[in-house]
Amino acid sequence: MSLATRARPAAMALGLVALAAVPVLASVLDQPFYVDLFRRVMIFAVAALSLDVILGYGGMVSFGHAAYLGIGAYAVGVTTYHGVSNGYAQWALAIVASMVVALAIGAISIRTSGVYFIMITLAFTQMLYYLGISIEEYGGDDGMRLATKSQFPGVLDIGNPAAFYYVVLGILVLFLYLAHRLVNARFGMVIRATKSNEPRARAVGFSPYPYKLIAFAVAGGMCGLAGALLVNQTEYLTPEFMHWTRSGEIMFMVILGGMGTLVGPVVGALVFLLLEQVLSAWTEHWQIILGPFLVLVVLFARRGLWGLLPPGAGRNG
Amino acid sequence: MTVLLIVEQVLNGLQYGVMLFLMAAGLTLVFGIMNLVNLAHGSLYMVGAYLATFFYTQTGSFLLAALLALPATLVVGIVVELVALRTLYERDHLDQVLATFGLILFFNELVAIVWGRSALYTTLPAWLSGHVVVLPGLRYSVYRALVILVGLAVAILLWLVVSRTRLGMLIRAGASNRTMLSALGVNVTLLYTVVFGFGAALAGLAGLMAGPIYAVQTGMGEQILIQVFVVIVIGGIGSIRGALVGAILVGMVDTFGVFVKPMLGTVLSPVAADSAGPAIASMLIYLLMAVVLALRPQGLFPTRAS
């Protein structure tokens with residue numbers, strides 16, 4: 001192995017160590033804000049990773065991924081509102097509910113392809129957004145405060161910023177591993193084959209529809225957990241989680257980091273949120289910089305930041 | 001009483017429908033010919049609305065403002081095409097979606113910088129703010145009636161242009177085979193710019209007419225854009241006839257959503273109807289889209305096989 005082929009594993013290991021060190025450094029420097037910031041980064045990394053499974057590997061350009069972020073958040077918010085704050089139940093509900101909704105949306109949208117798929121996923125997410133706005137009992141468009149964070153009695157208290165941080169880190173690492181197994185399993189090979197050439201995948205004897213649908217639902221479930229984490233992070237439930245610009249942002253994270261790689265979305269989430277942090281501190285009108293930046297990335301940096309590193313010997317780097 | 005209410009809602013549905021159509025026609029033409037998914041179409045609608053409001057406050061004449069805003073939006077559209085979108089025609093849909101998403105962020109922020117974040121409201125001039133008697137006992141806003149007439153006139157004009165003129169012939173030829181068209185010596189690049197400017201002007205027209213009815217604010221373009229997506233998905237992407245049918249259908253369904261609550265009230269308790277009514281009303285057009293797609297995945301008027 002040359003030095004170049006080891007660039008990606010080395011960067012990954014370094015990144016992991018750096019992420020694990022954040023709470024320690026933050027407490028040494030007495031800057032608790034950074035624990036919050038990087039926890040947010042990792043939550044969005046989970047969301048972006050889940051989108052990458054269907055977008056980068058499955059070729060499904062879903063412009064409505066924020067829907068599952070919202071459903072996961074509502075699963076936690078609504079159960080807390082009704083007095084149930086058991087974390088296991090809440091997070092399981094977030095995953096299951098998001099998968100069920102993803103199955104329903106996927107069942108209709110995967111029958112179509114191309115630009116229809118983009119518009120339909122966007123439209124269904126908008127429908128859920130308006131649904132969130134119109135249910136006054138759960139805050140309507142103002143949203144509502146989360147009375148208590150998810151409770152894991154006797155095991156851990158995610159009210160402790162560092163403990164919550166390591167839970168999110170653990171989930172991110174777990175999902176990276178699961179996604180790695182998934183895309184390299186027979187199942188993953190089928191959806192990748194479908195992406196690169198659907199007629200040929202059919203000719204070999206696969207029926208792509210059920211594979212794509214299951215991948216779509218799994219990605220929805222993963223993103224649902226990210227939503228449950230996000231509402232615990234913000235302690236505020238709002239339909240804004242499902243706003244269509246959020247879907248665009250998650251998609252941009254995937255592209256920015258490098259789609260079709262597993263680490264790419266993590267890098268994308270990191271760079272995007274840090275950029276947002278820096279630019280919004282500098283000017284209120286930071287989106288006027290972000291917009292053209294996005295256009296430039298799309299036009300000139302097709303493979304994303306992670307794609308700039310030479311690929312390793314492994315199939316997914 | 002109820003008949004009059006229904007007639008009034010039909011007119012409102014028609015009014016919203018023709019505005020959706022003006023947007024959908026441009027979007028579907030651009031997609032049909034250039035194969036470009038343009039999310040920033042909503043931004044042109046917003047630019048049209050802001051420019052019209054701006055010219056109206058400057059000149060004091062609504063008509064003059066409209067006549068100025070329309071070509072100005074056309075120019076903005078052509079500049080956007082020349083600077084950013086031209087390079088996107090050969091890229092895949094994912095790139096187009098993201099790049100035009102970037103343009104939306106840019107335009108929304110630009111408008112917020114120039115005109116501020118709070119919504120602008122226009123008061124109509126006296127000659128437009130009255131009412132006409134449509135039926136005995138039913139008075140309807142002159143302005144909304146005018147919007148319906150303008151929308152229908154543009155629909156007819158558009159049909160004449162596409163089916164009866166040389167430009168329309170080129171547009172139809174471009175939609176069915178671009179390569180062949182350019183091999184025949186037609187300047188396709190110029191055709192693209194013309195069609196895009198055309199679409200931008202239609203969006204601008206919808207925007208400038210929307211100004212006095214809805215609030216003029218940043219993000220107004222995306223609100224209508226997503227409903228326009230529903231329209232062209234229902235109608236069949238690339239089909240102008242589909243856009244018209246889809247737009248009227250969506251306009252009607254969206255407007256008749258106000259009847260969901262009283263109708264639920266007859267079967268449910270008033271409290272349940274109160275909370276479920278608005279939720280269902282806001283979901284109606286998306287449910288309509290789901291039903292249409294389940295039956296016809298390519299929309300009601302599918303164009304060429306894709």
# chains A, B, ... in the order shown; residues from 1 in each chain; ligands from 1
>>> interface_residues(of="chain B", to="chain A", cutoff="7 Å", atoms="only C-alpha atoms", output="PyMOL selection string")
chain B and resi 93-95+98-99+102-103+105-106+109-110+226+229-230+233+275+278-279+282-283+286+290+294+297
>>> residues_around(residues="His180 of chain A", least_positions_apart="4", cutoff="12 Å", atoms="only C-alpha atoms", output="list in words")
Leu49, Ser50, Asp52, Val53, Tyr57, Val173, Leu174, Phe175, Leu176, Asn184, Ala185, Phe187, Gly188, Met189, Gly260, Thr261, Leu262, Val263, Gly314, Arg315, Asn316 and Gly317 of chain A
>>> residues_around(residues="Ala69 of chain B", least_positions_apart="4", cutoff="8 Å", atoms="only C-alpha atoms", output="PyMOL selection string")
chain B and resi 48+51-52+55+65+73+204+208
>>> write_last_selection(atoms="N, CA, C and O atoms", output="PDB file, in the first residue's frame")
ATOM      1  N   GLY B  48     -40.909  39.185  -9.974  1.00  0.00           N
ATOM      2  CA  GLY B  48     -41.996  39.876 -10.666  1.00  0.00           C
ATOM      3  C   GLY B  48     -42.871  40.639  -9.690  1.00  0.00           C
ATOM      4  O   GLY B  48     -43.221  41.807  -9.915  1.00  0.00           O
ATOM      5  N   LEU B  51     -40.852  43.640  -8.172  1.00  0.00           N
ATOM      6  CA  LEU B  51     -40.628  44.708  -9.132  1.00  0.00           C
ATOM      7  C   LEU B  51     -41.918  45.476  -9.398  1.00  0.00           C
ATOM      8  O   LEU B  51     -41.925  46.709  -9.451  1.00  0.00           O
ATOM      9  N   ALA B  52     -43.040  44.741  -9.519  1.00  0.00           N
ATOM     10  CA  ALA B  52     -44.316  45.403  -9.780  1.00  0.00           C
ATOM     11  C   ALA B  52     -44.680  46.317  -8.605  1.00  0.00           C
ATOM     12  O   ALA B  52     -45.096  47.464  -8.804  1.00  0.00           O
ATOM     13  N   PHE B  55     -42.333  49.394  -8.767  1.00  0.00           N
ATOM     14  CA  PHE B  55     -42.700  50.346  -9.819  1.00  0.00           C
ATOM     15  C   PHE B  55     -44.020  51.033  -9.495  1.00  0.00           C
ATOM     16  O   PHE B  55     -44.219  52.212  -9.812  1.00  0.00           O
ATOM     17  N   ALA B  65     -46.838  50.065 -13.902  1.00  0.00           N
ATOM     18  CA  ALA B  65     -45.974  49.184 -13.105  1.00  0.00           C
ATOM     19  C   ALA B  65     -45.939  47.789 -13.712  1.00  0.00           C
ATOM     20  O   ALA B  65     -44.880  47.172 -13.833  1.00  0.00           O
ATOM     21  N   THR B  73     -38.663  41.459 -15.454  1.00  0.00           N
ATOM     22  CA  THR B  73     -38.526  40.060 -15.035  1.00  0.00           C
ATOM     23  C   THR B  73     -37.955  39.223 -16.166  1.00  0.00           C
ATOM     24  O   THR B  73     -37.129  38.329 -15.948  1.00  0.00           O
ATOM     25  N   GLY B 204     -43.242  36.003 -14.028  1.00  0.00           N
ATOM     26  CA  GLY B 204     -43.311  37.384 -13.574  1.00  0.00           C
ATOM     27  C   GLY B 204     -44.731  37.914 -13.620  1.00  0.00           C
ATOM     28  O   GLY B 204     -45.184  38.610 -12.706  1.00  0.00           O
ATOM     29  N   LEU B 208     -46.675  39.402 -10.518  1.00  0.00           N
ATOM     30  CA  LEU B 208     -47.171  40.769 -10.402  1.00  0.00           C
ATOM     31  C   LEU B 208     -48.669  40.804 -10.150  1.00  0.00           C
ATOM     32  O   LEU B 208     -49.179  41.703  -9.482  1.00  0.00           O
TER      33      LEU B 208
END
>>> closest_residue(among="A:Leu305, A:Val167, A:Leu274, A:Ile54", to="Lys195 of chain A", atoms="only C-alpha atoms")
A:Ile54
>>> closest_residue(among="B:Val245, B:Leu295, B:Ile78, B:Ala215", to="Ala200 of chain B", atoms="only C-alpha atoms")
B:Ile78
>>> closest_residue(among="A:Ser247, A:Gly205, A:Tyr138, A:Ser150", to="Thr121 of chain A", atoms="only C-alpha atoms")
A:Ser247
>>> closest_residue(among="B:Phe259, B:Val114, B:Val18, B:Val147", to="Thr2 of chain B", atoms="only C-alpha atoms")
B:Phe259
>>> select_by_dssp(residues="segment 180-216 of chain B", states="helix (DSSP H, G or I)", output="JSON, numbers by chain")
{"B": [180, 181, 182, 183, 188, 189, 190, 191, 192, 193, 194, 195, 196, 197, 198, 199, 200, 201, 202, 203, 204, 205, 206, 207, 208, 209, 210]}
>>> residues_around(residues="segment 118-122 of chain B", least_positions_apart="6", cutoff="8 Å", atoms="only C-alpha atoms", output="list of chain:residue names")
B:Thr53, B:Gly211, B:Pro212, B:Tyr214, B:Ala215, B:Val216, B:Gln217, B:Thr218
>>> residues_around(residues="Ala102 of chain A", least_positions_apart="2", cutoff="8 Å", atoms="only C-alpha atoms", output="ChimeraX atom specification")
/A:68,98-100,104-106,216-217,220-221
>>> residues_around(residues="Leu202 of chain B", least_positions_apart="5", cutoff="7 Å", atoms="only C-alpha atoms", output="PyMOL selection string")
chain B and resi 22-23+26
>>> write_last_selection(atoms="C-alpha atoms", output="PDB file, in the first residue's frame")
ATOM      1  CA  LEU B  22     -48.937  30.735 -15.689  1.00  0.00           C
ATOM      2  CA  MET B  23     -46.191  29.291 -13.489  1.00  0.00           C
ATOM      3  CA  GLY B  26     -43.142  28.148 -18.120  1.00  0.00           C
TER       4      GLY B  26
END
>>> closest_residue(among="B:Leu264, B:Met169, B:Val7, B:Ser61", to="Leu181 of chain B", atoms="only C-alpha atoms")
B:Met169
>>> atom_distance(atom1="atom CA of Gly159 of chain A", atom2="atom CA of Ala20 of chain A")
18.4 Å
>>> residues_around(residues="segment 124-138 of chain B", least_positions_apart="2", cutoff="8 Å", atoms="only C-alpha atoms", output="PyMOL selection string")
chain B and resi 4+8+61-62+122+140-143+212
